[in-house]
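Colleague: Following this line is upload05.txt, made up of compact mmCIF, C-alpha atoms and all ligand atoms:
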# COMPACT_ATOMS: atom_id res chain seq x y z
CA MET Q 1 -18.14 -49.24 -18.01
CA ASN Q 2 -16.04 -49.13 -21.18
CA VAL Q 3 -18.60 -51.29 -22.98
CA ARG Q 4 -21.24 -48.73 -22.07
CA ASP Q 5 -19.04 -45.81 -23.15
CA SER Q 6 -18.35 -47.54 -26.49
CA GLU Q 7 -22.11 -47.98 -27.01
CA ALA Q 8 -22.57 -44.27 -26.28
CA ALA Q 9 -19.88 -43.34 -28.85
CA ALA Q 10 -21.55 -45.59 -31.43
CA ALA Q 11 -24.97 -44.08 -30.70
CA LEU Q 12 -23.61 -40.52 -30.99
CA LEU Q 13 -21.98 -41.29 -34.33
CA SER Q 14 -25.16 -42.98 -35.61
CA ALA Q 15 -27.14 -39.89 -34.61
CA ALA Q 16 -24.61 -37.77 -36.54
CA GLY Q 17 -25.34 -39.80 -39.68
CA TYR Q 18 -22.51 -42.36 -39.70
CA GLU Q 19 -23.17 -46.06 -40.27
CA GLN Q 20 -21.67 -48.91 -38.33
CA ALA Q 21 -19.24 -50.92 -40.49
CA ALA Q 22 -19.76 -54.67 -40.81
CA SER Q 23 -16.25 -55.38 -39.57
CA GLU Q 24 -13.09 -53.59 -38.48
CA ALA Q 25 -11.54 -54.24 -41.91
CA ASP Q 26 -14.35 -52.26 -43.59
CA ALA Q 27 -14.28 -49.32 -41.18
CA ASP Q 28 -13.24 -45.85 -42.36
CA LEU Q 29 -13.09 -44.72 -38.73
CA VAL Q 30 -11.85 -46.84 -35.83
CA ILE Q 31 -11.86 -45.61 -32.22
CA VAL Q 32 -9.99 -47.59 -29.58
CA ASN Q 33 -11.63 -47.32 -26.16
CA SER Q 34 -8.83 -47.74 -23.65
CA CYS Q 35 -8.37 -48.92 -20.07
CA SER Q 36 -5.54 -47.79 -17.78
CA VAL Q 37 -6.23 -50.07 -14.86
CA ARG Q 38 -3.30 -52.37 -15.64
CA ALA Q 39 -0.07 -51.77 -17.57
CA LYS Q 40 -0.89 -54.67 -19.90
CA ALA Q 41 -4.19 -53.11 -20.99
CA GLU Q 42 -2.37 -49.92 -22.02
CA GLU Q 43 0.33 -51.84 -23.89
CA LYS Q 44 -2.36 -53.66 -25.84
CA ALA Q 45 -4.13 -50.42 -26.76
CA LEU Q 46 -0.86 -48.86 -27.95
CA GLY Q 47 -0.09 -51.94 -30.05
CA LYS Q 48 -3.55 -51.83 -31.59
CA LEU Q 49 -3.33 -48.10 -32.38
CA GLY Q 50 0.04 -48.64 -34.07
CA LEU Q 51 -1.41 -51.40 -36.25
CA LEU Q 52 -4.45 -49.30 -37.14
CA CYS Q 53 -2.30 -46.36 -38.22
CA ALA Q 54 -0.13 -48.71 -40.30
CA SER Q 55 -3.29 -50.20 -41.88
CA ARG Q 56 -3.74 -46.93 -43.80
CA ARG Q 57 -1.40 -48.43 -46.40
CA ASP Q 58 -4.29 -50.74 -47.40
CA HIS Q 59 -7.08 -48.44 -46.31
CA PRO Q 60 -6.11 -44.88 -47.31
CA GLY Q 61 -7.80 -42.08 -45.41
CA ARG Q 62 -8.85 -44.28 -42.50
CA LEU Q 63 -9.36 -42.19 -39.33
CA VAL Q 64 -7.99 -43.49 -36.03
CA GLY Q 65 -9.06 -42.14 -32.65
CA LEU Q 66 -8.53 -42.96 -29.00
CA MET Q 67 -11.01 -42.55 -26.15
CA GLY Q 68 -11.21 -43.46 -22.47
CA CYS Q 69 -8.82 -43.63 -19.55
CA MET Q 70 -5.54 -43.76 -21.46
CA ALA Q 71 -6.49 -40.72 -23.51
CA GLN Q 72 -7.23 -38.88 -20.26
CA ARG Q 73 -4.06 -40.07 -18.53
CA LEU Q 74 -1.55 -39.39 -21.31
CA GLY Q 75 -2.92 -36.11 -22.69
CA GLU Q 76 -0.63 -34.65 -25.41
CA ALA Q 77 1.95 -37.40 -24.82
CA ILE Q 78 -0.17 -39.89 -26.77
CA PHE Q 79 0.66 -38.11 -30.04
CA LYS Q 80 4.40 -38.71 -29.43
CA LYS Q 81 3.75 -42.41 -28.88
CA ILE Q 82 1.33 -42.72 -31.84
CA PRO Q 83 2.20 -39.94 -34.30
CA GLY Q 84 -0.50 -40.95 -36.81
CA LEU Q 85 -3.35 -40.68 -34.29
CA ASP Q 86 -6.09 -38.31 -35.50
CA PHE Q 87 -7.76 -37.51 -32.19
CA SER Q 88 -7.82 -38.45 -28.52
CA VAL Q 89 -10.77 -37.85 -26.21
CA GLY Q 90 -10.77 -38.21 -22.41
CA THR Q 91 -13.22 -39.84 -20.03
CA ARG Q 92 -15.73 -37.07 -19.43
CA ARG Q 93 -15.87 -35.80 -23.00
CA ALA Q 94 -17.38 -38.67 -25.02
CA GLY Q 95 -19.98 -36.20 -26.29
CA ALA Q 96 -17.23 -34.42 -28.26
CA ILE Q 97 -16.54 -37.40 -30.55
CA PRO Q 98 -18.79 -36.43 -33.52
CA ARG Q 99 -17.40 -32.87 -33.46
CA LEU Q 100 -13.79 -34.15 -33.40
CA VAL Q 101 -14.46 -36.56 -36.27
CA ALA Q 102 -15.95 -33.69 -38.32
CA ARG Q 103 -12.85 -31.56 -37.66
CA VAL Q 104 -10.53 -34.37 -38.72
CA LEU Q 105 -12.59 -34.87 -41.90
CA ALA Q 106 -12.11 -31.13 -42.54
CA GLY Q 107 -8.34 -31.65 -42.47
CA GLU Q 108 -7.24 -31.09 -38.85
CA ARG Q 109 -5.02 -33.67 -37.13
CA GLY Q 110 -3.78 -34.53 -33.65
CA LEU Q 111 -6.84 -33.18 -31.78
CA LEU Q 112 -6.98 -33.62 -28.02
CA GLU Q 113 -9.95 -33.11 -25.70
CA THR Q 114 -9.57 -34.06 -22.04
CA SER Q 115 -11.53 -32.95 -18.98
CA SER Q 116 -10.81 -31.59 -15.52
CA GLN Q 117 -11.34 -33.86 -12.50
CA ASP Q 118 -14.35 -31.91 -11.24
CA GLU Q 119 -16.10 -31.31 -14.50
CA ILE Q 120 -19.68 -32.52 -14.68
CA PRO Q 121 -19.42 -35.23 -17.31
CA ASP Q 122 -21.60 -35.50 -20.34
CA VAL Q 123 -23.26 -38.90 -20.24
CA PRO Q 124 -24.75 -39.36 -23.67
CA ASP Q 125 -27.52 -41.93 -23.95
CA ALA Q 126 -26.29 -45.18 -25.43
CA HIS Q 127 -29.49 -46.07 -27.30
CA VAL Q 128 -29.29 -47.58 -30.69
CA GLU Q 129 -32.29 -49.01 -32.48
CA ASP Q 130 -31.47 -52.65 -31.87
CA MET Q 131 -30.45 -52.68 -28.23
CA GLY Q 132 -31.09 -56.33 -27.40
CA PHE Q 133 -32.74 -56.84 -24.03
CA SER Q 134 -29.86 -56.16 -21.70
CA ALA Q 135 -28.27 -52.73 -21.23
CA PHE Q 136 -25.72 -50.95 -19.07
CA VAL Q 137 -26.71 -47.63 -17.51
CA THR Q 138 -24.07 -45.41 -15.90
CA ILE Q 139 -25.40 -43.87 -12.70
CA LEU Q 140 -22.19 -42.69 -11.03
CA LEU Q 141 -18.95 -41.54 -12.62
CA GLY Q 142 -15.49 -41.24 -11.13
CA CYS Q 143 -14.34 -42.38 -7.69
CA ASN Q 144 -13.31 -40.59 -4.49
CA ARG Q 145 -11.88 -43.58 -2.66
CA ARG Q 146 -8.25 -43.47 -3.74
CA CYS Q 147 -7.21 -47.07 -3.15
CA ALA Q 148 -3.41 -47.08 -3.14
CA TYR Q 149 -2.94 -49.09 -6.34
CA CYS Q 150 -5.69 -47.54 -8.44
CA ILE Q 151 -5.40 -45.08 -11.30
CA VAL Q 152 -9.17 -44.73 -11.75
CA PRO Q 153 -9.63 -41.58 -9.59
CA ASP Q 154 -6.97 -39.84 -11.71
CA VAL Q 155 -8.47 -40.78 -15.05
CA ARG Q 156 -12.19 -40.86 -14.31
CA GLY Q 157 -12.22 -37.87 -11.98
CA ARG Q 158 -14.20 -37.10 -8.84
CA GLU Q 159 -17.41 -38.86 -8.02
CA TYR Q 160 -20.50 -37.50 -9.71
CA SER Q 161 -23.95 -39.09 -9.46
CA ARG Q 162 -26.41 -38.45 -12.26
CA PRO Q 163 -29.80 -37.01 -11.22
CA ALA Q 164 -32.27 -39.84 -10.53
CA ARG Q 165 -34.81 -38.32 -12.92
CA GLU Q 166 -32.34 -38.47 -15.83
CA ILE Q 167 -31.47 -42.13 -15.09
CA LEU Q 168 -35.13 -43.15 -14.76
CA ALA Q 169 -35.99 -41.45 -18.07
CA GLU Q 170 -33.12 -43.28 -19.79
CA ILE Q 171 -34.23 -46.64 -18.40
CA ALA Q 172 -37.88 -46.03 -19.29
CA ALA Q 173 -36.77 -45.31 -22.88
CA LEU Q 174 -34.64 -48.47 -22.91
CA ALA Q 175 -37.59 -50.51 -21.63
CA ARG Q 176 -39.78 -49.10 -24.42
CA HIS Q 177 -37.11 -50.34 -26.88
CA GLY Q 178 -37.39 -53.87 -25.45
CA VAL Q 179 -34.65 -53.82 -22.81
CA ARG Q 180 -35.61 -56.16 -19.95
CA GLU Q 181 -32.43 -56.21 -17.85
CA VAL Q 182 -30.45 -53.17 -16.74
CA THR Q 183 -27.08 -53.14 -15.03
CA LEU Q 184 -26.48 -49.92 -13.08
CA LEU Q 185 -22.83 -48.91 -13.26
CA GLY Q 186 -20.49 -47.01 -10.99
CA GLN Q 187 -16.96 -47.57 -9.73
CA SER Q 188 -18.38 -47.62 -6.24
CA VAL Q 189 -22.00 -47.85 -7.22
CA MET Q 190 -23.57 -47.86 -3.74
CA ASN Q 191 -22.06 -44.40 -3.14
CA TYR Q 192 -24.76 -43.14 -5.50
CA GLY Q 193 -26.05 -39.78 -4.30
CA ARG Q 194 -23.65 -39.47 -1.38
CA MET Q 195 -21.54 -36.66 -2.88
CA ASN Q 196 -24.13 -34.63 -4.77
CA PRO Q 197 -27.92 -34.47 -4.48
CA VAL Q 198 -29.77 -36.74 -6.91
CA TRP Q 199 -33.38 -36.50 -5.74
CA ASP Q 200 -35.20 -33.20 -5.53
CA GLU Q 201 -38.25 -32.14 -3.55
CA THR Q 202 -40.59 -32.47 -6.51
CA ASP Q 203 -39.74 -36.18 -6.91
CA PRO Q 204 -42.44 -38.49 -5.49
CA PRO Q 205 -41.58 -39.95 -2.06
CA SER Q 206 -40.31 -43.52 -1.83
CA PRO Q 207 -43.29 -45.90 -1.39
CA GLY Q 208 -41.08 -48.28 0.61
CA GLY Q 209 -39.80 -45.48 2.85
CA TYR Q 210 -36.21 -45.66 1.56
CA ARG Q 211 -34.15 -42.70 2.72
CA GLU Q 212 -30.78 -43.61 1.20
CA PRO Q 213 -30.39 -42.50 -2.42
CA PHE Q 214 -29.24 -45.83 -3.88
CA PRO Q 215 -31.91 -48.18 -2.45
CA ARG Q 216 -34.47 -45.51 -3.39
CA LEU Q 217 -33.15 -45.58 -6.96
CA LEU Q 218 -33.40 -49.39 -7.07
CA GLU Q 219 -37.02 -49.14 -5.96
CA ALA Q 220 -37.81 -46.52 -8.63
CA VAL Q 221 -36.11 -48.54 -11.40
CA ALA Q 222 -38.06 -51.65 -10.32
CA ALA Q 223 -41.29 -49.68 -10.80
CA ILE Q 224 -40.58 -48.99 -14.49
CA PRO Q 225 -42.89 -51.15 -16.67
CA GLY Q 226 -40.97 -53.77 -18.67
CA VAL Q 227 -37.89 -53.92 -16.41
CA LEU Q 228 -37.67 -57.55 -15.33
CA ARG Q 229 -34.19 -57.57 -13.85
CA ILE Q 230 -31.84 -55.12 -12.18
CA ARG Q 231 -28.16 -55.67 -11.47
CA PHE Q 232 -25.53 -53.23 -10.27
CA THR Q 233 -21.77 -53.18 -10.07
CA SER Q 234 -19.26 -52.70 -8.43
CA GLY Q 235 -20.01 -52.83 -4.73
CA HIS Q 236 -18.10 -51.89 -1.58
CA PRO Q 237 -18.81 -53.32 1.89
CA SER Q 238 -19.56 -49.83 3.23
CA GLY Q 239 -22.57 -49.72 0.89
CA CYS Q 240 -24.13 -52.89 2.33
CA THR Q 241 -26.47 -50.97 4.63
CA ASP Q 242 -29.67 -52.35 6.14
CA GLU Q 243 -31.68 -50.40 3.58
CA LEU Q 244 -29.68 -51.79 0.68
CA VAL Q 245 -30.09 -55.34 1.95
CA ARG Q 246 -33.84 -54.77 2.43
CA ALA Q 247 -34.16 -53.38 -1.12
CA MET Q 248 -32.25 -56.31 -2.62
CA ALA Q 249 -34.22 -58.89 -0.68
CA SER Q 250 -37.67 -57.38 -1.21
CA LEU Q 251 -37.72 -55.92 -4.75
CA PRO Q 252 -38.40 -58.92 -7.00
CA GLN Q 253 -36.59 -57.37 -10.00
CA VAL Q 254 -33.28 -56.96 -8.16
CA CYS Q 255 -31.03 -60.00 -8.71
CA HIS Q 256 -29.66 -61.66 -5.60
CA HIS Q 257 -26.12 -61.25 -6.88
CA LEU Q 258 -23.39 -58.81 -6.00
CA HIS Q 259 -19.90 -58.20 -7.34
CA LEU Q 260 -18.07 -57.12 -4.23
CA PRO Q 261 -14.33 -56.74 -4.87
CA VAL Q 262 -12.33 -57.87 -1.83
CA GLN Q 263 -8.77 -57.60 -3.27
CA SER Q 264 -7.12 -59.30 -0.25
CA GLY Q 265 -8.03 -61.28 2.86
CA SER Q 266 -5.16 -59.90 4.96
CA ASP Q 267 -5.71 -56.88 7.20
CA PRO Q 268 -2.19 -55.40 6.79
CA ILE Q 269 -2.50 -55.61 3.02
CA LEU Q 270 -6.05 -54.19 3.02
CA LYS Q 271 -4.70 -51.31 5.09
CA ALA Q 272 -1.77 -50.74 2.73
CA MET Q 273 -4.21 -50.86 -0.17
CA ARG Q 274 -6.37 -48.22 1.64
CA ARG Q 275 -9.50 -50.24 0.95
CA GLY Q 276 -11.36 -48.82 3.91
CA TYR Q 277 -12.45 -52.13 5.50
CA THR Q 278 -11.00 -55.08 7.37
CA ARG Q 279 -11.41 -58.76 6.65
CA GLU Q 280 -13.99 -58.92 9.45
CA ARG Q 281 -16.01 -55.99 8.07
CA TYR Q 282 -16.05 -57.59 4.65
CA LEU Q 283 -17.25 -60.93 5.99
CA GLU Q 284 -19.85 -59.17 8.14
CA ALA Q 285 -21.28 -57.50 5.03
CA VAL Q 286 -21.40 -60.88 3.25
CA GLY Q 287 -23.08 -62.47 6.28
CA LYS Q 288 -25.78 -59.80 6.28
CA LEU Q 289 -26.50 -60.32 2.59
CA ARG Q 290 -26.64 -64.11 2.96
CA ALA Q 291 -28.91 -63.93 5.99
CA ALA Q 292 -31.45 -61.88 4.03
CA MET Q 293 -31.11 -63.86 0.76
CA PRO Q 294 -30.43 -67.59 1.08
CA ASP Q 295 -29.90 -67.84 -2.72
CA PHE Q 296 -27.43 -64.94 -2.76
CA ALA Q 297 -24.52 -65.25 -5.28
CA LEU Q 298 -21.24 -63.45 -4.69
CA THR Q 299 -18.40 -62.62 -7.07
CA THR Q 300 -15.22 -60.69 -6.48
CA ASP Q 301 -11.87 -59.30 -7.65
CA VAL Q 302 -8.56 -60.22 -6.01
CA ILE Q 303 -5.06 -58.80 -6.48
CA VAL Q 304 -2.09 -61.09 -5.80
CA GLY Q 305 1.45 -59.85 -5.23
CA PHE Q 306 0.64 -56.39 -3.84
CA PRO Q 307 3.84 -54.81 -2.39
CA GLY Q 308 4.74 -56.51 0.90
CA GLU Q 309 2.33 -59.45 0.45
CA THR Q 310 3.87 -62.34 2.40
CA GLU Q 311 2.99 -66.02 2.23
CA ALA Q 312 0.89 -65.54 5.40
CA ASP Q 313 -1.01 -62.63 3.78
CA PHE Q 314 -1.63 -64.77 0.74
CA GLU Q 315 -2.90 -67.67 2.88
CA ALA Q 316 -5.26 -65.23 4.60
CA THR Q 317 -6.70 -64.41 1.17
CA ARG Q 318 -7.19 -68.12 0.48
CA THR Q 319 -9.09 -68.68 3.72
CA LEU Q 320 -11.19 -65.56 3.24
CA MET Q 321 -12.20 -66.79 -0.21
CA ASP Q 322 -13.38 -70.05 1.33
CA GLU Q 323 -15.24 -68.32 4.13
CA ALA Q 324 -16.94 -65.88 1.78
CA GLY Q 325 -17.86 -68.72 -0.65
CA PHE Q 326 -17.37 -66.83 -3.91
CA ASP Q 327 -19.24 -68.13 -6.94
CA ASN Q 328 -16.65 -66.58 -9.20
CA ALA Q 329 -13.48 -64.50 -8.80
CA PHE Q 330 -11.40 -62.41 -11.16
CA ILE Q 331 -7.79 -62.68 -10.07
CA PHE Q 332 -5.14 -60.18 -11.12
CA LYS Q 333 -1.39 -59.98 -10.69
CA TYR Q 334 -0.43 -56.62 -9.21
CA SER Q 335 1.25 -54.16 -11.56
CA PRO Q 336 2.27 -50.65 -10.44
CA ARG Q 337 0.45 -47.75 -12.09
CA PRO Q 338 2.41 -44.50 -12.41
CA GLY Q 339 1.37 -41.75 -10.04
CA THR Q 340 -0.42 -44.00 -7.53
CA PRO Q 341 0.78 -44.29 -3.89
CA ALA Q 342 1.47 -48.02 -4.37
CA ALA Q 343 3.88 -47.21 -7.21
CA GLN Q 344 6.15 -45.65 -4.53
CA MET Q 345 6.30 -48.97 -2.64
CA PRO Q 346 8.82 -51.64 -3.63
CA ASP Q 347 7.21 -54.10 -6.05
CA ASP Q 348 8.82 -56.91 -4.06
CA VAL Q 349 6.87 -60.02 -5.04
CA SER Q 350 8.57 -61.65 -8.03
CA ASP Q 351 6.68 -62.27 -11.25
CA GLU Q 352 7.04 -66.04 -10.79
CA GLU Q 353 5.55 -65.82 -7.32
CA LYS Q 354 2.70 -63.62 -8.52
CA MET Q 355 2.02 -66.19 -11.21
CA ARG Q 356 2.10 -69.06 -8.67
CA ARG Q 357 -0.32 -67.28 -6.32
CA ASN Q 358 -2.58 -66.49 -9.24
CA GLN Q 359 -2.66 -70.18 -10.28
CA VAL Q 360 -3.33 -71.37 -6.73
CA LEU Q 361 -6.31 -69.03 -6.36
CA LEU Q 362 -7.65 -70.00 -9.77
CA ALA Q 363 -7.48 -73.71 -8.90
CA ASP Q 364 -9.18 -73.04 -5.53
CA GLN Q 365 -11.88 -71.06 -7.29
CA ASP Q 366 -12.49 -73.78 -9.88
CA ARG Q 367 -13.11 -76.29 -7.10
CA ARG Q 368 -15.27 -73.89 -5.12
CA GLY Q 369 -17.27 -72.78 -8.19
CA SER Q 370 -17.87 -76.40 -9.27
CA ALA Q 371 -19.09 -77.40 -5.81
CA LEU Q 372 -21.45 -74.40 -5.65
CA ASN Q 373 -22.80 -75.22 -9.12
CA GLU Q 374 -23.26 -78.90 -8.16
CA ALA Q 375 -25.34 -77.77 -5.20
CA LEU Q 376 -27.77 -76.12 -7.64
CA VAL Q 377 -28.63 -79.45 -9.32
CA GLY Q 378 -32.23 -80.20 -8.40
CA THR Q 379 -33.18 -76.53 -7.94
CA VAL Q 380 -35.38 -74.49 -10.26
CA GLN Q 381 -33.74 -71.30 -11.53
CA GLU Q 382 -35.50 -68.34 -13.08
CA VAL Q 383 -33.62 -67.65 -16.31
CA LEU Q 384 -33.71 -64.58 -18.53
CA VAL Q 385 -33.72 -66.22 -21.96
CA GLU Q 386 -30.97 -64.87 -24.23
CA GLY Q 387 -31.39 -67.07 -27.34
CA ARG Q 388 -29.27 -69.75 -28.93
CA SER Q 389 -26.36 -71.12 -26.94
CA LEU Q 390 -22.97 -69.99 -28.30
CA ARG Q 391 -21.57 -73.52 -28.10
CA ASN Q 392 -24.56 -75.46 -29.42
CA ALA Q 393 -27.06 -73.68 -31.66
CA GLU Q 394 -29.64 -76.47 -31.06
CA ARG Q 395 -29.94 -75.43 -27.45
CA TRP Q 396 -30.79 -72.14 -25.80
CA ALA Q 397 -29.08 -70.22 -23.06
CA GLY Q 398 -29.87 -67.57 -20.51
CA ARG Q 399 -28.70 -66.32 -17.14
CA SER Q 400 -29.86 -67.11 -13.65
CA PRO Q 401 -30.31 -64.32 -11.08
CA GLY Q 402 -26.87 -65.38 -9.73
CA ASN Q 403 -25.46 -64.57 -13.22
CA LYS Q 404 -24.74 -68.21 -14.11
CA ILE Q 405 -25.15 -69.36 -17.70
CA VAL Q 406 -27.98 -71.90 -17.97
CA VAL Q 407 -28.34 -74.05 -21.12
CA PHE Q 408 -31.63 -75.80 -21.97
CA ASP Q 409 -33.69 -77.16 -24.89
CA PRO Q 410 -35.99 -74.55 -26.44
CA VAL Q 411 -39.72 -75.03 -25.93
CA GLU Q 412 -42.54 -73.59 -27.99
CA GLY Q 413 -43.61 -70.11 -27.11
CA LEU Q 414 -40.38 -69.20 -25.37
CA GLU Q 415 -38.91 -65.92 -26.62
CA PRO Q 416 -35.57 -64.25 -25.97
CA GLY Q 417 -36.02 -61.51 -23.38
CA THR Q 418 -38.60 -63.43 -21.33
CA LEU Q 419 -38.23 -65.27 -18.04
CA ALA Q 420 -38.37 -69.07 -17.91
CA LYS Q 421 -38.20 -71.51 -15.04
CA VAL Q 422 -35.49 -74.11 -15.62
CA ALA Q 423 -35.00 -77.23 -13.49
CA ILE Q 424 -31.24 -77.81 -13.17
CA THR Q 425 -30.22 -81.37 -14.01
CA ARG Q 426 -26.44 -81.10 -14.47
CA ALA Q 427 -23.62 -78.73 -13.54
CA ALA Q 428 -20.23 -77.94 -15.11
CA PRO Q 429 -17.72 -75.50 -13.58
CA GLN Q 430 -18.96 -72.53 -15.67
CA THR Q 431 -22.40 -73.66 -16.84
CA LEU Q 432 -25.66 -75.16 -15.60
CA TYR Q 433 -27.85 -77.43 -17.75
CA GLY Q 434 -31.54 -78.08 -17.32
CA GLU Q 435 -35.08 -78.39 -18.68
CA VAL Q 436 -37.75 -75.75 -18.90
CA VAL Q 437 -40.61 -76.41 -16.49
CA ARG Q 438 -44.03 -74.83 -16.90
S1 LIG Q 501 -12.93 -48.06 -5.16
FE1 LIG Q 501 -10.68 -48.13 -5.16
S2 LIG Q 501 -10.24 -49.71 -6.73
FE2 LIG Q 501 -12.35 -49.07 -7.09
S3 LIG Q 501 -12.19 -47.41 -8.63
FE3 LIG Q 501 -12.20 -46.43 -6.59
S4 LIG Q 501 -10.04 -46.16 -6.08
FE4 LIG Q 501 -10.14 -47.68 -7.74
Show me the file's structure as structure tokens.
Modeller:
Amino acid sequence: MNVRDSEAAAALLSAAGYEQAASEADADLVIVNSCSVRAKAEEKALGKLGLLCASRRDHPGRLVGLMGCMAQRLGEAIFKKIPGLDFSVGTRRAGAIPRLVARVLAGERGLLETSSQDEIPDVPDAHVEDMGFSAFVTILLGCNRRCAYCIVPDVRGREYSRPAREILAEIAALARHGVREVTLLGQSVMNYGRMNPVWDETDPPSPGGYREPFPRLLEAVAAIPGVLRIRFTSGHPSGCTDELVRAMASLPQVCHHLHLPVQSGSDPILKAMRRGYTRERYLEAVGKLRAAMPDFALTTDVIVGFPGETEADFEATRTLMDEAGFDNAFIFKYSPRPGTPAAQMPDDVSDEEKMRRNQVLLADQDRRGSALNEALVGTVQEVLVEGRSLRNAERWAGRSPGNKIVVFDPVEGLEPGTLAKVAITRAAPQTLYGEVVR
């Protein structure tokens, strides 16, 4: 989501007449887009802002701004921490950036613009001329779930779903600019349209008879000419309805891949986290998706060392990860965020133990991921061609519907942004290798 917000800030500044610098060293204006989800992310942003302000010694007049969750969370307090900061703009006010920059250029300093929790956000389009063929599109902002450890509802505000018409117009424009893959974004993306109406009576009815707003949106995006692939993130088991599964399985553009954060495999911990599902419910949702899509790929997020997590809770997470069969997992050590309910609980798992649990899950995941990749040797994967491989410019790379990187030799007539069929001949833990088949 921050990548998308950064693109929007860049597009707004381009539209206001500014040019993108070739590198950070050349830039007369640098904006740090910040994340508050973990303490470490905030520390990094503060360190970076300090360095940028100090860099004015070599780059006089350089403007330094902050945007995103940390700007929203800290408000005025950011100017005490970083006295040289020119402006700070919160999560629902990205549209204000060009105006703030103009005011700083006119001599003002220390400008703050944050939003209220309920404010309807401005979601500026993120188009720039050279978009590439893959783009993020925000469809839902904020989150109403209030998981015990999470700062996001405080900094990104209450859930707001953009009108379907606005999203479809944005994606149609992206497709006209050559975008072939869109990733629909929301903190709890399948909640799309549950809190505010997104379709109105003048919108054409769903040809597939979808009644739920999110599957209906997937169907409408799939109908846009030029859109070859649709992804969405992040999911929640409560969103895995029959309609959603039907849409995923039957719309050819929708990738058979879901990022479905589980966080823990232990019911007492899931309850303490206020995740709103049990281990059984989570596995049921996964079972439903797999039954409808035999080639379904699943990725997740896990937190280790949540307050009160015992060895038995941790082992429950290990067994759940095996049962669910994750293709990939992002594993985080718990850190308390100020103002969240979990921050009131004793942070009673030591750092060493958090580290150990993290390492154990990473090693498990490496084995699991390698075995799942090995099982793809001999299959043919449809790959969206991205261009030259980062590691070996002689070869090309792209992504499978399951979001795996596939490396292959280029063949004549193959262009970035098109689909190719690649027969998989070899697998490494993070990459598949193969040959293009006609
Ligand atoms: S679903 Fe939970 S973890 Fe995700 S953003 Fe909302 S409150 Fe945070």
Colleague: Could you give me, as JSON, numbers by chain, the residues within 12 Å of Leu419 in chain Q, counting only C-alpha atoms and dropping anything in the same chain fewer than 6 positions from it?
Modeller: {"Q": [133, 180, 181, 226, 227, 228, 229, 253, 381, 382, 383, 384, 385, 386, 387, 397, 398, 399, 400, 401, 413, 436, 437, 438]}
Colleague: Pick out the residues sitting within 9 Å of range 56-60 of chain Q, and hand them over as a ChimeraX atom specification; count all atoms listed in the file, and ignore anything fewer than 2 positions along from it in its own chain.
Modeller: /Q:25-28,52-54,62-63
Colleague: Can you write out as CSV which residues of chain Q fall within 8 Å of ligand LIG 501 (chain Q), alongside each residue's closest atom pair and its distance in Å to one decimal, counting only C-alpha atoms and all ligand atoms and ordering rows by chain and ascending residue number?
Modeller:
residue,atom,partner,partner_atom,distance
Q:Gly142,CA,Q:LIG501,S3,7.4
Q:Cys143,CA,Q:LIG501,FE3,4.7
Q:Asn144,CA,Q:LIG501,FE3,6.3
Q:Arg145,CA,Q:LIG501,S4,4.7
Q:Arg146,CA,Q:LIG501,S4,4.0
Q:Cys147,CA,Q:LIG501,FE1,4.1
Q:Ala148,CA,Q:LIG501,S4,7.3
Q:Tyr149,CA,Q:LIG501,S2,7.3
Q:Cys150,CA,Q:LIG501,FE4,4.5
Q:Ile151,CA,Q:LIG501,FE4,6.5
Q:Val152,CA,Q:LIG501,FE4,5.1
Q:Pro153,CA,Q:LIG501,S4,5.8
Q:Gln187,CA,Q:LIG501,S3,4.9
Q:Ser188,CA,Q:LIG501,S1,5.6
Q:Ser234,CA,Q:LIG501,FE2,7.9
Q:His236,CA,Q:LIG501,S1,7.4
Q:Arg275,CA,Q:LIG501,FE1,6.6
Colleague: Near Glu42 in chain Q, within 12 Å and counting only C-alpha atoms, which residues show up once chain neighbours fewer than 4 positions away are dropped, as number ranges by chain?
Modeller: Q: 32-38, 46-49, 66, 68-71, 73-74, 78, 81, 335, 337
Colleague: How about saving the chosen residues, C-alpha atoms kept, as an mmCIF file, keeping the file's coordinate frame?
Modeller:
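Writing done, so here's part_3.cif:
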data_model
loop_
_atom_site.group_PDB
_atom_site.id
_atom_site.type_symbol
_atom_site.label_atom_id
_atom_site.label_comp_id
_atom_site.auth_asym_id
_atom_site.auth_seq_id
_atom_site.Cartn_x
_atom_site.Cartn_y
_atom_site.Cartn_z
ATOM 1 C CA VAL Q 32 -9.990 -47.590 -29.580
ATOM 2 C CA ASN Q 33 -11.630 -47.320 -26.160
ATOM 3 C CA SER Q 34 -8.830 -47.740 -23.650
ATOM 4 C CA CYS Q 35 -8.370 -48.920 -20.070
ATOM 5 C CA SER Q 36 -5.540 -47.790 -17.780
ATOM 6 C CA VAL Q 37 -6.230 -50.070 -14.860
ATOM 7 C CA ARG Q 38 -3.300 -52.370 -15.640
ATOM 8 C CA LEU Q 46 -0.860 -48.860 -27.950
ATOM 9 C CA GLY Q 47 -0.090 -51.940 -30.050
ATOM 10 C CA LYS Q 48 -3.550 -51.830 -31.590
ATOM 11 C CA LEU Q 49 -3.330 -48.100 -32.380
ATOM 12 C CA LEU Q 66 -8.530 -42.960 -29.000
ATOM 13 C CA GLY Q 68 -11.210 -43.460 -22.470
ATOM 14 C CA CYS Q 69 -8.820 -43.630 -19.550
ATOM 15 C CA MET Q 70 -5.540 -43.760 -21.460
ATOM 16 C CA ALA Q 71 -6.490 -40.720 -23.510
ATOM 17 C CA ARG Q 73 -4.060 -40.070 -18.530
ATOM 18 C CA LEU Q 74 -1.550 -39.390 -21.310
ATOM 19 C CA ILE Q 78 -0.170 -39.890 -26.770
ATOM 20 C CA LYS Q 81 3.750 -42.410 -28.880
ATOM 21 C CA SER Q 335 1.250 -54.160 -11.560
ATOM 22 C CA ARG Q 337 0.450 -47.750 -12.090
#
